[in-house]
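As stored in final.cif (mmCIF, C-alpha atoms):
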```
data_entry
loop_
_atom_site.group_PDB
_atom_site.id
_atom_site.type_symbol
_atom_site.label_atom_id
_atom_site.label_comp_id
_atom_site.auth_asym_id
_atom_site.auth_seq_id
_atom_site.Cartn_x
_atom_site.Cartn_y
_atom_site.Cartn_z
ATOM 1 C CA MET A 7 -14.520 15.897 -25.880
ATOM 2 C CA SER A 8 -17.103 15.657 -23.093
ATOM 3 C CA PRO A 9 -16.886 12.991 -20.348
ATOM 4 C CA ALA A 10 -19.956 11.226 -21.743
ATOM 5 C CA ASP A 11 -18.234 10.940 -25.125
ATOM 6 C CA THR A 12 -14.986 9.626 -23.636
ATOM 7 C CA ARG A 13 -14.623 5.866 -23.502
ATOM 8 C CA ILE A 14 -12.277 4.603 -20.768
ATOM 9 C CA VAL A 15 -10.900 1.170 -19.928
ATOM 10 C CA PHE A 16 -9.897 0.945 -16.270
ATOM 11 C CA PHE A 17 -6.969 -1.316 -15.309
ATOM 12 C CA GLY A 18 -6.220 -2.438 -11.751
ATOM 13 C CA ASN A 19 -7.756 -3.126 -8.377
ATOM 14 C CA GLU A 20 -6.824 0.137 -6.557
ATOM 15 C CA ARG A 21 -5.023 -1.777 -3.783
ATOM 16 C CA LEU A 22 -1.910 0.395 -3.559
ATOM 17 C CA ALA A 23 -0.029 -1.910 -1.177
ATOM 18 C CA THR A 24 -0.116 -5.549 -0.138
ATOM 19 C CA GLY A 25 -2.930 -6.268 2.267
ATOM 20 C CA VAL A 26 -4.760 -2.942 2.069
ATOM 21 C CA THR A 27 -8.437 -2.641 1.245
ATOM 22 C CA THR A 28 -10.040 -0.010 -0.962
ATOM 23 C CA ILE A 29 -13.361 1.523 -1.927
ATOM 24 C CA ALA A 30 -12.048 2.036 -5.498
ATOM 25 C CA PRO A 31 -12.302 5.847 -5.322
ATOM 26 C CA THR A 32 -10.668 6.465 -8.706
ATOM 27 C CA LEU A 33 -13.136 4.301 -10.595
ATOM 28 C CA GLN A 34 -15.991 5.809 -8.621
ATOM 29 C CA ALA A 35 -14.742 9.350 -9.345
ATOM 30 C CA LEU A 36 -14.591 8.648 -13.078
ATOM 31 C CA ILE A 37 -18.128 7.294 -13.042
ATOM 32 C CA ALA A 38 -19.371 10.243 -10.978
ATOM 33 C CA ALA A 39 -17.727 12.670 -13.415
ATOM 34 C CA GLY A 40 -19.771 11.142 -16.231
ATOM 35 C CA TYR A 41 -17.050 9.254 -18.096
ATOM 36 C CA ASP A 42 -18.065 6.160 -20.044
ATOM 37 C CA VAL A 43 -16.078 3.369 -18.396
ATOM 38 C CA VAL A 44 -16.549 0.548 -20.879
ATOM 39 C CA ALA A 45 -14.610 -2.167 -19.033
ATOM 40 C CA VAL A 46 -12.573 -2.917 -15.916
ATOM 41 C CA VAL A 47 -9.512 -5.122 -16.376
ATOM 42 C CA SER A 48 -8.164 -6.601 -13.160
ATOM 43 C CA HIS A 49 -6.824 -9.772 -11.642
ATOM 44 C CA HIS A 50 -7.228 -11.545 -8.353
ATOM 45 C CA THR A 51 -4.283 -13.478 -6.913
ATOM 46 C CA ASP A 52 -5.495 -16.059 -4.439
ATOM 47 C CA SER A 53 -2.494 -15.745 -2.139
ATOM 48 C CA ARG A 54 -2.891 -16.459 1.531
ATOM 49 C CA SER A 55 -3.102 -12.756 2.323
ATOM 50 C CA ARG A 56 -6.034 -12.276 -0.067
ATOM 51 C CA LYS A 57 -7.838 -15.592 -0.322
ATOM 52 C CA SER A 58 -10.836 -14.558 1.783
ATOM 53 C CA ARG A 59 -11.100 -11.006 0.435
ATOM 54 C CA GLU A 60 -13.666 -9.865 -2.048
ATOM 55 C CA LEU A 61 -12.292 -7.947 -5.016
ATOM 56 C CA GLU A 62 -13.626 -4.473 -4.266
ATOM 57 C CA ILE A 63 -13.217 -3.154 -7.805
ATOM 58 C CA ALA A 64 -15.452 -6.009 -9.020
ATOM 59 C CA VAL A 65 -18.206 -4.894 -6.657
ATOM 60 C CA VAL A 66 -18.096 -1.320 -7.962
ATOM 61 C CA ALA A 67 -18.020 -2.525 -11.575
ATOM 62 C CA GLY A 68 -21.005 -4.790 -10.924
ATOM 63 C CA GLU A 69 -23.009 -1.991 -9.305
ATOM 64 C CA HIS A 70 -22.609 0.071 -12.482
ATOM 65 C CA ASN A 71 -22.983 -2.770 -14.990
ATOM 66 C CA ILE A 72 -19.409 -2.384 -16.230
ATOM 67 C CA PRO A 73 -17.936 -5.555 -17.772
ATOM 68 C CA LEU A 74 -15.146 -7.064 -15.661
ATOM 69 C CA LEU A 75 -12.257 -8.812 -17.433
ATOM 70 C CA LEU A 76 -9.808 -10.954 -15.442
ATOM 71 C CA PRO A 77 -7.154 -12.178 -17.892
ATOM 72 C CA ALA A 78 -3.970 -13.899 -16.724
ATOM 73 C CA LYS A 79 -2.140 -11.483 -19.038
ATOM 74 C CA PRO A 80 -3.557 -8.361 -20.705
ATOM 75 C CA ALA A 81 -2.241 -9.455 -24.116
ATOM 76 C CA GLU A 82 -4.734 -12.348 -23.960
ATOM 77 C CA ILE A 83 -7.636 -9.925 -24.418
ATOM 78 C CA LEU A 84 -6.067 -7.740 -27.079
ATOM 79 C CA ALA A 85 -8.929 -8.291 -29.531
ATOM 80 C CA GLU A 86 -11.556 -7.553 -26.862
ATOM 81 C CA LEU A 87 -9.809 -4.331 -25.919
ATOM 82 C CA GLU A 88 -9.547 -3.235 -29.533
ATOM 83 C CA ALA A 89 -13.263 -3.874 -30.016
ATOM 84 C CA LEU A 90 -14.116 -1.533 -27.141
ATOM 85 C CA GLN A 91 -12.709 1.435 -29.113
ATOM 86 C CA ALA A 92 -11.744 3.261 -25.953
ATOM 87 C CA ASP A 93 -10.028 6.650 -26.065
ATOM 88 C CA ILE A 94 -7.775 6.179 -23.046
ATOM 89 C CA GLY A 95 -6.858 3.730 -20.299
ATOM 90 C CA VAL A 96 -6.594 4.586 -16.595
ATOM 91 C CA LEU A 97 -4.464 2.276 -14.455
ATOM 92 C CA VAL A 98 -4.296 2.056 -10.670
ATOM 93 C CA ALA A 99 -2.436 -0.852 -9.047
ATOM 94 C CA TYR A 100 -2.761 -3.386 -11.830
ATOM 95 C CA GLY A 101 0.224 -5.446 -10.699
ATOM 96 C CA LYS A 102 1.079 -6.851 -14.124
ATOM 97 C CA ILE A 103 3.223 -5.633 -17.001
ATOM 98 C CA VAL A 104 1.128 -4.016 -19.711
ATOM 99 C CA PRO A 105 2.776 -4.651 -23.098
ATOM 100 C CA GLN A 106 3.230 -1.908 -25.654
ATOM 101 C CA SER A 107 0.755 -3.668 -27.941
ATOM 102 C CA VAL A 108 -1.978 -2.997 -25.377
ATOM 103 C CA ILE A 109 -0.883 0.576 -24.666
ATOM 104 C CA ASP A 110 -0.953 1.320 -28.392
ATOM 105 C CA ILE A 111 -4.643 0.425 -28.616
ATOM 106 C CA PHE A 112 -5.586 3.685 -26.919
ATOM 107 C CA PRO A 113 -5.258 6.930 -28.901
ATOM 108 C CA ARG A 114 -4.343 8.789 -25.694
ATOM 109 C CA GLY A 115 -2.393 5.915 -24.171
ATOM 110 C CA ILE A 116 -2.807 4.752 -20.586
ATOM 111 C CA ILE A 117 -2.354 7.016 -17.576
ATOM 112 C CA ASN A 118 -1.207 5.604 -14.273
ATOM 113 C CA ILE A 119 -1.504 6.705 -10.653
ATOM 114 C CA HIS A 120 1.749 6.002 -8.789
ATOM 115 C CA PRO A 121 1.823 6.682 -5.014
ATOM 116 C CA SER A 122 5.177 8.486 -4.818
ATOM 117 C CA LEU A 123 6.886 11.627 -6.004
ATOM 118 C CA LEU A 124 8.499 10.142 -9.082
ATOM 119 C CA PRO A 125 11.274 9.517 -9.933
ATOM 120 C CA LEU A 126 11.599 8.624 -6.236
ATOM 121 C CA HIS A 127 10.385 5.208 -5.113
ATOM 122 C CA ARG A 128 9.771 3.542 -8.427
ATOM 123 C CA GLY A 129 8.479 -0.002 -8.109
ATOM 124 C CA PRO A 130 5.743 -1.812 -6.181
ATOM 125 C CA ILE A 131 6.346 -0.742 -2.554
ATOM 126 C CA PRO A 132 6.474 3.064 -2.371
ATOM 127 C CA ILE A 133 3.986 3.228 0.493
ATOM 128 C CA GLU A 134 5.867 0.792 2.691
ATOM 129 C CA SER A 135 9.158 2.455 1.782
ATOM 130 C CA VAL A 136 8.292 5.975 2.904
ATOM 131 C CA ILE A 137 7.008 4.596 6.215
ATOM 132 C CA LEU A 138 10.175 2.542 6.738
ATOM 133 C CA ASP A 139 12.356 5.525 5.830
ATOM 134 C CA GLY A 140 10.612 7.777 8.316
ATOM 135 C CA SER A 141 9.916 10.248 5.500
ATOM 136 C CA THR A 142 8.088 13.474 6.301
ATOM 137 C CA GLU A 143 6.612 13.732 2.818
ATOM 138 C CA SER A 144 5.170 11.520 0.121
ATOM 139 C CA GLY A 145 2.892 12.207 -2.791
ATOM 140 C CA VAL A 146 1.125 11.040 -5.910
ATOM 141 C CA SER A 147 2.234 11.154 -9.539
ATOM 142 C CA VAL A 148 -0.076 10.820 -12.521
ATOM 143 C CA MET A 149 2.027 9.654 -15.431
ATOM 144 C CA GLU A 150 1.844 8.250 -18.914
ATOM 145 C CA LEU A 151 2.349 4.493 -18.846
ATOM 146 C CA ALA A 152 5.570 3.365 -20.531
ATOM 147 C CA ARG A 153 7.303 0.021 -21.046
ATOM 148 C CA ALA A 154 9.978 0.746 -18.411
ATOM 149 C CA MET A 155 8.705 0.447 -14.843
ATOM 150 C CA ASP A 156 7.282 3.735 -13.545
ATOM 151 C CA ALA A 157 9.485 5.658 -15.991
ATOM 152 C CA GLY A 158 6.843 7.413 -18.094
ATOM 153 C CA PRO A 159 6.564 11.205 -18.307
ATOM 154 C CA VAL A 160 4.536 12.868 -15.565
ATOM 155 C CA TYR A 161 1.340 14.881 -16.100
ATOM 156 C CA GLY A 162 1.122 16.132 -12.524
ATOM 157 C CA GLN A 163 2.111 15.571 -8.910
ATOM 158 C CA THR A 164 0.658 16.320 -5.492
ATOM 159 C CA ARG A 165 2.788 16.465 -2.344
ATOM 160 C CA VAL A 166 1.414 15.017 0.897
ATOM 161 C CA SER A 167 2.886 15.772 4.320
ATOM 162 C CA LEU A 168 3.265 12.812 6.675
ATOM 163 C CA SER A 169 2.712 12.887 10.425
ATOM 164 C CA GLY A 170 4.972 9.909 11.070
ATOM 165 C CA SER A 171 2.141 7.864 12.561
ATOM 166 C CA GLU A 172 0.330 6.681 9.406
ATOM 167 C CA THR A 173 -0.364 3.002 9.035
ATOM 168 C CA LYS A 174 0.001 1.393 5.630
ATOM 169 C CA GLN A 175 -3.784 1.410 5.196
ATOM 170 C CA GLU A 176 -4.133 5.060 6.218
ATOM 171 C CA LEU A 177 -1.402 6.214 3.850
ATOM 172 C CA ALA A 178 -2.808 4.149 0.980
ATOM 173 C CA ASP A 179 -6.252 5.673 1.551
ATOM 174 C CA LYS A 180 -4.853 9.204 1.635
ATOM 175 C CA LEU A 181 -2.737 8.854 -1.504
ATOM 176 C CA LEU A 182 -5.446 7.041 -3.438
ATOM 177 C CA ALA A 183 -7.983 9.773 -2.658
ATOM 178 C CA GLU A 184 -5.498 12.378 -3.909
ATOM 179 C CA GLY A 185 -4.759 10.361 -7.032
ATOM 180 C CA GLY A 186 -8.398 9.881 -7.929
ATOM 181 C CA SER A 187 -9.061 13.609 -7.697
ATOM 182 C CA MET A 188 -5.970 14.359 -9.784
ATOM 183 C CA VAL A 189 -7.033 12.019 -12.573
ATOM 184 C CA VAL A 190 -10.440 13.675 -12.878
ATOM 185 C CA ASP A 191 -8.841 17.142 -12.849
ATOM 186 C CA LEU A 192 -6.143 16.265 -15.396
ATOM 187 C CA LEU A 193 -8.156 14.164 -17.845
ATOM 188 C CA PRO A 194 -9.677 17.004 -19.908
ATOM 189 C CA GLY A 195 -6.234 18.445 -20.666
ATOM 190 C CA ILE A 196 -4.755 15.026 -21.384
ATOM 191 C CA LEU A 197 -7.583 14.190 -23.763
ATOM 192 C CA ASP A 198 -7.424 17.447 -25.738
ATOM 193 C CA GLY A 199 -3.617 17.457 -25.801
ATOM 194 C CA SER A 200 -3.187 20.713 -23.880
ATOM 195 C CA ARG A 201 -1.627 18.929 -20.901
ATOM 196 C CA VAL A 202 1.867 17.836 -21.902
ATOM 197 C CA PRO A 203 3.690 15.323 -19.653
ATOM 198 C CA ILE A 204 7.168 16.166 -18.389
ATOM 199 C CA PRO A 205 9.911 13.509 -18.708
ATOM 200 C CA GLN A 206 11.346 12.169 -15.475
ATOM 201 C CA ASP A 207 14.967 12.654 -14.470
ATOM 202 C CA ASP A 208 16.127 9.035 -14.684
ATOM 203 C CA ALA A 209 19.417 9.939 -12.995
ATOM 204 C CA ALA A 210 17.489 10.837 -9.830
ATOM 205 C CA ALA A 211 15.389 7.664 -9.799
ATOM 206 C CA THR A 212 15.354 5.451 -6.725
ATOM 207 C CA TYR A 213 14.181 1.848 -6.423
ATOM 208 C CA ASP A 214 13.289 -0.039 -3.260
ATOM 209 C CA ASN A 215 14.163 -3.595 -2.336
ATOM 210 C CA LEU A 216 11.172 -5.893 -2.383
ATOM 211 C CA ILE A 217 9.824 -6.887 1.012
ATOM 212 C CA GLN A 218 10.338 -10.536 1.902
ATOM 213 C CA LYS A 219 8.342 -12.648 4.326
ATOM 214 C CA ASN A 220 11.267 -12.964 6.746
ATOM 215 C CA ASP A 221 11.515 -9.162 6.976
ATOM 216 C CA GLY A 222 8.600 -9.401 9.381
ATOM 217 C CA LEU A 223 10.701 -11.182 12.025
ATOM 218 C CA MET A 224 11.445 -8.422 14.517
ATOM 219 C CA ASP A 225 15.086 -7.838 15.424
ATOM 220 C CA PHE A 226 15.262 -6.022 18.754
ATOM 221 C CA HIS A 227 18.896 -5.166 18.151
ATOM 222 C CA LYS A 228 17.430 -2.434 15.919
ATOM 223 C CA PRO A 229 16.374 0.938 17.435
ATOM 224 C CA ALA A 230 12.856 1.203 18.814
ATOM 225 C CA ASP A 231 11.783 3.913 16.372
ATOM 226 C CA GLN A 232 12.781 1.746 13.404
ATOM 227 C CA LEU A 233 10.834 -1.206 14.776
ATOM 228 C CA GLU A 234 7.791 1.012 15.296
ATOM 229 C CA ARG A 235 7.931 2.009 11.623
ATOM 230 C CA GLU A 236 8.166 -1.656 10.620
ATOM 231 C CA VAL A 237 5.010 -2.436 12.582
ATOM 232 C CA ARG A 238 3.133 0.197 10.553
ATOM 233 C CA ALA A 239 4.694 -0.705 7.201
ATOM 234 C CA TYR A 240 4.350 -4.471 7.560
ATOM 235 C CA SER A 241 0.754 -4.586 8.785
ATOM 236 C CA ASP A 242 -1.207 -7.497 7.271
ATOM 237 C CA TRP A 243 1.886 -8.660 5.334
ATOM 238 C CA PRO A 244 4.500 -9.769 6.167
ATOM 239 C CA LYS A 245 3.365 -8.716 9.685
ATOM 240 C CA SER A 246 5.691 -8.028 12.612
ATOM 241 C CA TRP A 247 6.448 -11.299 14.361
ATOM 242 C CA ALA A 248 8.237 -11.522 17.703
ATOM 243 C CA LYS A 249 8.982 -13.977 20.475
ATOM 244 C CA LEU A 250 8.401 -12.240 23.775
ATOM 245 C CA HIS A 251 10.936 -13.345 26.362
ATOM 246 C CA GLY A 252 10.115 -13.114 30.059
ATOM 247 C CA PRO A 253 11.357 -14.774 33.258
ATOM 248 C CA GLY A 254 8.757 -17.519 32.814
ATOM 249 C CA GLY A 255 9.440 -18.359 29.172
ATOM 250 C CA GLU A 256 8.617 -17.081 25.711
ATOM 251 C CA MET A 257 5.586 -16.661 23.512
ATOM 252 C CA GLU A 258 5.199 -15.918 19.798
ATOM 253 C CA VAL A 259 3.029 -12.930 18.899
ATOM 254 C CA ILE A 260 2.292 -10.517 16.062
ATOM 255 C CA ILE A 261 2.699 -6.908 17.195
ATOM 256 C CA THR A 262 0.051 -4.808 15.439
ATOM 257 C CA ALA A 263 0.509 -1.406 17.100
ATOM 258 C CA ALA A 264 3.359 0.048 19.138
ATOM 259 C CA HIS A 265 5.248 3.240 19.900
ATOM 260 C CA ALA A 266 8.849 4.003 20.721
ATOM 261 C CA VAL A 267 9.915 5.204 24.166
ATOM 262 C CA PRO A 268 13.320 6.864 24.610
ATOM 263 C CA GLY A 269 15.803 5.366 27.061
ATOM 264 C CA ASN A 270 16.613 1.841 28.124
ATOM 265 C CA SER A 271 16.197 0.027 31.408
ATOM 266 C CA PRO A 272 19.308 -0.395 33.580
ATOM 267 C CA ASP A 273 20.982 -3.692 32.669
ATOM 268 C CA GLY A 274 18.369 -4.281 29.962
ATOM 269 C CA GLU A 275 19.229 -6.374 26.913
ATOM 270 C CA PRO A 276 17.503 -6.369 23.514
ATOM 271 C CA ASN A 277 14.298 -8.470 23.575
ATOM 272 C CA ASP A 278 13.972 -8.295 27.371
ATOM 273 C CA LEU A 279 10.324 -7.859 28.329
ATOM 274 C CA ASP A 280 9.539 -5.295 30.994
ATOM 275 C CA ILE A 281 6.042 -5.131 32.503
ATOM 276 C CA VAL A 282 5.973 -1.593 33.833
ATOM 277 C CA ASP A 283 2.982 -1.828 36.131
ATOM 278 C CA SER A 284 -0.102 -3.876 36.945
ATOM 279 C CA ALA A 285 -2.039 -2.133 34.173
ATOM 280 C CA GLY A 286 -0.174 -4.306 31.694
ATOM 281 C CA ILE A 287 2.125 -1.771 30.043
ATOM 282 C CA MET A 288 4.553 -3.827 27.995
ATOM 283 C CA MET A 289 8.000 -2.560 27.077
ATOM 284 C CA ILE A 290 10.528 -4.479 24.985
ATOM 285 C CA GLU A 291 14.183 -3.500 25.191
ATOM 286 C CA THR A 292 15.864 -2.600 21.906
ATOM 287 C CA SER A 293 19.329 -1.381 20.968
ATOM 288 C CA ASP A 294 18.138 2.203 21.419
ATOM 289 C CA GLY A 295 15.036 2.890 23.468
ATOM 290 C CA ARG A 296 12.149 0.610 24.291
ATOM 291 C CA LEU A 297 9.224 -0.497 22.141
ATOM 292 C CA CYS A 298 5.945 -0.055 23.992
ATOM 293 C CA VAL A 299 3.442 -2.599 22.683
ATOM 294 C CA ASP A 300 -0.083 -1.211 22.307
ATOM 295 C CA ARG A 301 -1.827 -4.068 20.499
ATOM 296 C CA LEU A 302 -0.796 -7.601 19.601
ATOM 297 C CA LYS A 303 -2.058 -10.940 18.424
ATOM 298 C CA PRO A 304 -0.905 -14.188 20.072
ATOM 299 C CA ALA A 305 -0.341 -17.041 17.622
ATOM 300 C CA GLY A 306 -3.740 -18.471 16.637
ATOM 301 C CA LYS A 307 -5.701 -15.856 18.629
ATOM 302 C CA GLN A 308 -7.520 -12.588 17.981
ATOM 303 C CA GLU A 309 -5.880 -9.169 18.172
ATOM 304 C CA MET A 310 -6.039 -7.595 21.629
ATOM 305 C CA THR A 311 -4.674 -4.731 23.694
ATOM 306 C CA ALA A 312 -1.483 -5.191 25.681
ATOM 307 C CA GLN A 313 -3.551 -4.938 28.859
ATOM 308 C CA ALA A 314 -5.868 -7.743 27.742
ATOM 309 C CA PHE A 315 -2.870 -9.827 26.708
ATOM 310 C CA MET A 316 -1.220 -9.448 30.108
ATOM 311 C CA ALA A 317 -4.479 -10.288 31.865
ATOM 312 C CA GLY A 318 -4.779 -13.520 29.899
ATOM 313 C CA TYR A 319 -1.203 -14.554 29.215
ATOM 314 C CA GLY A 320 1.025 -12.503 31.490
ATOM 315 C CA LYS A 321 1.678 -15.296 33.940
ATOM 316 C CA LEU A 322 3.161 -17.428 31.187
ATOM 317 C CA LEU A 323 5.921 -14.874 30.751
ATOM 318 C CA THR A 324 6.327 -13.349 34.185
ATOM 319 C CA SER A 325 6.231 -16.440 36.391
ATOM 320 C CA ALA A 326 9.640 -18.068 36.640
#
```
As C-alpha cells:
Amino acid sequence: MSPADTRIVFFGNERLATGVTTIAPTLQALIAAGYDVVAVVSHHTDSRSRKSRELEIAVVAGEHNIPLLLPAKPAEILAELEALQADIGVLVAYGKIVPQSVIDIFPRGIINIHPSLLPLHRGPIPIESVILDGSTESGVSVMELARAMDAGPVYGQTRVSLSGSETKQELADKLLAEGGSMVVDLLPGILDGSRVPIPQDDAAATYDNLIQKNDGLMDFHKPADQLEREVRAYSDWPKSWAKLHGPGGEMEVIITAAHAVPGNSPDGEPNDLDIVDSAGIMMIETSDGRLCVDRLKPAGKQEMTAQAFMAGYGKLLTSA
C-alpha cells in the first residue's frame, strides 16, 4: 500500500506537555511523506494557560485543506469517522480517552506516540517526570493504542540522552521530532503487517503523580538541584513561585531560569536572599546549596534577568 493510497485520521494537538508549543511535526511529516490525511481530530481546552494560544495543529490542517473536527468526545463523531474509511489512525497528545468503538473503525487500529520508554512513565506527564527525576535518559515509544492507559504493545522505541539542562519545551521538541520520524519509518511495516508490536511488561510499569497547581510553590528546604529541576519542569504551568526574603522585606516572583551552586553561606537559612555583588547576582539559600536565579518575573511584570530585577527592585529587598 503506497502512502498516497493510505487514508489516515490524525488525533491530537502534538502538545506533549502542559504549556508547550509545537509546529506539529508529526502531521507535517505524514503530509510530506505523501500520506492522505483525511481529517484531524483535536480539542482545545480554554484553560487559563491556553486561552490566548492558537491551536497550532489547526493552522497546519488549514494550510493543507484537511478537515478539522473538534468533538467534546470522539464517540460523538463515530459516524463521521466511519464515513472517512481511513486505514489507520495516528495519535499524538490527544488528551482524551479514545473508546474501543472508535479504535475498531480502523483496520490497522490507531498508533500513538508516547514520550517515554514504556512501560516507564505511563500517563500524561512523562516529560515533566524525567526532568524532576534528574534522569539521564528518556525516549519515545510508538505503540498500538489500547483501552488501558499507555498499555498497548510497542512497535518501536528510540532512546534519547539528556544533558540535565533541558527545559520542558526543549525536551518536548526533541522527543516530538524523534516520534514523528519514527512514525513515518514504521508505518509501511505496520500497514502491511510485517511489523509486529511487542507487548509491554506490565509488572515493570511506572506511573507518575499528576502535577498540582500548588506544586509550583517553591520550598527552599529542598536541595538546590531539585529546585532547579522544578524550575525547568514547571515552566509555564504551574510555574515556580517564590517569595524572596531580604532585609528590607519580601516580594513575590516567578523564577523562570536558575542553576544550583554547591555550598551554603555561613549562618544562612533556607529562603535567605544573598546578593553576591553589585552586578545583581542573586543566590537563595536552600537546605543543600544555593539556587542562583538567572531570570525571573515579578508579579504582574515581564520576565527579566536577575541583574535587571536588582536594578529595578533590589532596594525593596536589600534596604532595611
Could you list, as a PyMOL selection string, every residue matched by the PyMOL selection byres ((chain A and resi 43) around 6) in this structure?
chain A and resi 13-15+41-42+44-45
Expanded to explicit residues, what is the PyMOL selection byres ((chain A and resi 298) around 10) for this file, as a ChimeraX atom specification?
/A:230,234,263-267,279-282,287-291,295-297,299-301,312
Counting only C-alpha atoms, which residue out of A:Gly185, A:Pro205, A:Gly129, A:Pro268 sits closest to Glu150 of chain A?
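Checking each candidate against Glu150 of chain A, we get A:Pro205 as the closest.
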Show me as a list in words the residues that reach within 6 Å of (19.3, -5.1, 18.9), counting all atoms listed in the file and using the file's own coordinates.
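Residues satisfying the cut-off, written out: Phe226, His227, Lys228, Pro276, Thr292 and Ser293 of chain A.
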Dump of C-alpha atoms for the selected residues, as a PDB file, in the coordinates of the input:
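Saved as again_12.pdb:
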```
ATOM      1  CA  PHE A 226      15.262  -6.022  18.754  1.00  0.00           C
ATOM      2  CA  HIS A 227      18.896  -5.166  18.151  1.00  0.00           C
ATOM      3  CA  LYS A 228      17.430  -2.434  15.919  1.00  0.00           C
ATOM      4  CA  PRO A 276      17.503  -6.369  23.514  1.00  0.00           C
ATOM      5  CA  THR A 292      15.864  -2.600  21.906  1.00  0.00           C
ATOM      6  CA  SER A 293      19.329  -1.381  20.968  1.00  0.00           C
TER       7      SER A 293
END
```
Between A:Ile217, A:Leu192, A:Leu84, A:Leu322, which residue has the minimum interatomic distance to Glu256 of chain A, considering all atoms listed in the file?
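Using all atoms listed in the file, the shortest distance to Glu256 of chain A belongs to A:Leu322.
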Run through the PyMOL selection byres ((chain A and resi 137) around 12) on the given coordinates and return the selected residues as a compact mmCIF listing (two decimals) with C-alpha atoms, in the frame of the given file.
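part.txt was written with the following content:
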```
# COMPACT_ATOMS: atom_id res chain seq x y z
CA SER A 122 5.18 8.49 -4.82
CA HIS A 127 10.38 5.21 -5.11
CA ILE A 131 6.35 -0.74 -2.55
CA PRO A 132 6.47 3.06 -2.37
CA ILE A 133 3.99 3.23 0.49
CA GLU A 134 5.87 0.79 2.69
CA SER A 135 9.16 2.46 1.78
CA VAL A 136 8.29 5.98 2.90
CA LEU A 138 10.18 2.54 6.74
CA ASP A 139 12.36 5.52 5.83
CA GLY A 140 10.61 7.78 8.32
CA SER A 141 9.92 10.25 5.50
CA THR A 142 8.09 13.47 6.30
CA GLU A 143 6.61 13.73 2.82
CA SER A 144 5.17 11.52 0.12
CA LEU A 168 3.26 12.81 6.68
CA SER A 169 2.71 12.89 10.42
CA GLY A 170 4.97 9.91 11.07
CA SER A 171 2.14 7.86 12.56
CA GLU A 172 0.33 6.68 9.41
CA THR A 173 -0.36 3.00 9.04
CA LYS A 174 0.00 1.39 5.63
CA GLN A 175 -3.78 1.41 5.20
CA GLU A 176 -4.13 5.06 6.22
CA LEU A 177 -1.40 6.21 3.85
CA ALA A 178 -2.81 4.15 0.98
CA ASP A 231 11.78 3.91 16.37
CA GLN A 232 12.78 1.75 13.40
CA LEU A 233 10.83 -1.21 14.78
CA GLU A 234 7.79 1.01 15.30
CA ARG A 235 7.93 2.01 11.62
CA GLU A 236 8.17 -1.66 10.62
CA VAL A 237 5.01 -2.44 12.58
CA ARG A 238 3.13 0.20 10.55
CA ALA A 239 4.69 -0.70 7.20
CA TYR A 240 4.35 -4.47 7.56
CA SER A 241 0.75 -4.59 8.78
```
Rounded to one decimal place, report the atom CA of Val190 of chain A-atom CA of Ser167 of chain A distance in Å.
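A separation of 21.9 Å between them.
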Would you mind telling me which residue in A:Gly195, A:Pro73, A:Pro272, A:Pro244 lies nearest to Ser8 of chain A when using all atoms listed in the file?
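Among the listed residues, the smallest separation from Ser8 of chain A belongs to A:Gly195.
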Residue nearest Asn71 of chain A among A:Met149, A:Val104, A:Val160, A:Ile37 (counting only C-alpha atoms):
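Once distances to Asn71 of chain A are computed over only C-alpha atoms, the minimum belongs to A:Ile37.
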Which residue is closest to Gln91 of chain A? Choose from A:Asp110, A:Asp179, A:Glu69, A:Glu60 and count all atoms listed in the file.
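Answer, going by the shortest atom-to-atom distance: A:Asp110.
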Measuring atom to atom with all atoms listed in the file, identify which of A:Val202, A:Met310, A:Ile111, A:Ala211 is nearest to Ile260 of chain A.
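Checking each of A:Val202, A:Met310, A:Ile111, A:Ala211 against Ile260 of chain A, counting all atoms listed in the file, the winner is A:Met310.
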Å distance separating atom CA of Ala89 of chain A from atom CA of Val108 of chain A, one decimal place:
12.2 Å
Within 8 Å of Val96 of chain A using all atoms listed in the file, minus same-chain residues under 6 positions, as JSON, numbers by chain
{"A": [14, 15, 16, 17, 116, 117, 118]}
For segment 98-107 of chain A, supply N, CA and C atoms and report the output as a PDB file, in the frame of the given file.
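Contents of the output file result-v5.pdb:
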```
ATOM      1  N   VAL A  98      -4.608   1.860 -12.086  1.00  0.00           N
ATOM      2  CA  VAL A  98      -4.296   2.056 -10.670  1.00  0.00           C
ATOM      3  C   VAL A  98      -4.063   0.693 -10.019  1.00  0.00           C
ATOM      4  N   ALA A  99      -2.801   0.389  -9.741  1.00  0.00           N
ATOM      5  CA  ALA A  99      -2.436  -0.852  -9.047  1.00  0.00           C
ATOM      6  C   ALA A  99      -2.892  -2.084  -9.816  1.00  0.00           C
ATOM      7  N   TYR A 100      -2.413  -2.214 -11.038  1.00  0.00           N
ATOM      8  CA  TYR A 100      -2.761  -3.386 -11.830  1.00  0.00           C
ATOM      9  C   TYR A 100      -1.897  -4.583 -11.455  1.00  0.00           C
ATOM     10  N   GLY A 101      -0.624  -4.366 -11.188  1.00  0.00           N
ATOM     11  CA  GLY A 101       0.224  -5.446 -10.699  1.00  0.00           C
ATOM     12  C   GLY A 101       0.774  -6.371 -11.755  1.00  0.00           C
ATOM     13  N   LYS A 102       0.540  -6.059 -13.019  1.00  0.00           N
ATOM     14  CA  LYS A 102       1.079  -6.851 -14.124  1.00  0.00           C
ATOM     15  C   LYS A 102       1.657  -5.916 -15.183  1.00  0.00           C
ATOM     16  N   ILE A 103       2.641  -6.415 -15.926  1.00  0.00           N
ATOM     17  CA  ILE A 103       3.223  -5.633 -17.001  1.00  0.00           C
ATOM     18  C   ILE A 103       2.213  -5.496 -18.134  1.00  0.00           C
ATOM     19  N   VAL A 104       2.010  -4.265 -18.575  1.00  0.00           N
ATOM     20  CA  VAL A 104       1.128  -4.016 -19.711  1.00  0.00           C
ATOM     21  C   VAL A 104       2.010  -3.842 -20.947  1.00  0.00           C
ATOM     22  N   PRO A 105       1.906  -4.738 -21.923  1.00  0.00           N
ATOM     23  CA  PRO A 105       2.776  -4.651 -23.098  1.00  0.00           C
ATOM     24  C   PRO A 105       2.445  -3.449 -23.977  1.00  0.00           C
ATOM     25  N   GLN A 106       3.418  -3.057 -24.775  1.00  0.00           N
ATOM     26  CA  GLN A 106       3.230  -1.908 -25.654  1.00  0.00           C
ATOM     27  C   GLN A 106       2.075  -2.130 -26.622  1.00  0.00           C
ATOM     28  N   SER A 107       1.853  -3.377 -27.012  1.00  0.00           N
ATOM     29  CA  SER A 107       0.755  -3.668 -27.941  1.00  0.00           C
ATOM     30  C   SER A 107      -0.597  -3.295 -27.359  1.00  0.00           C
TER      31      SER A 107
END
```
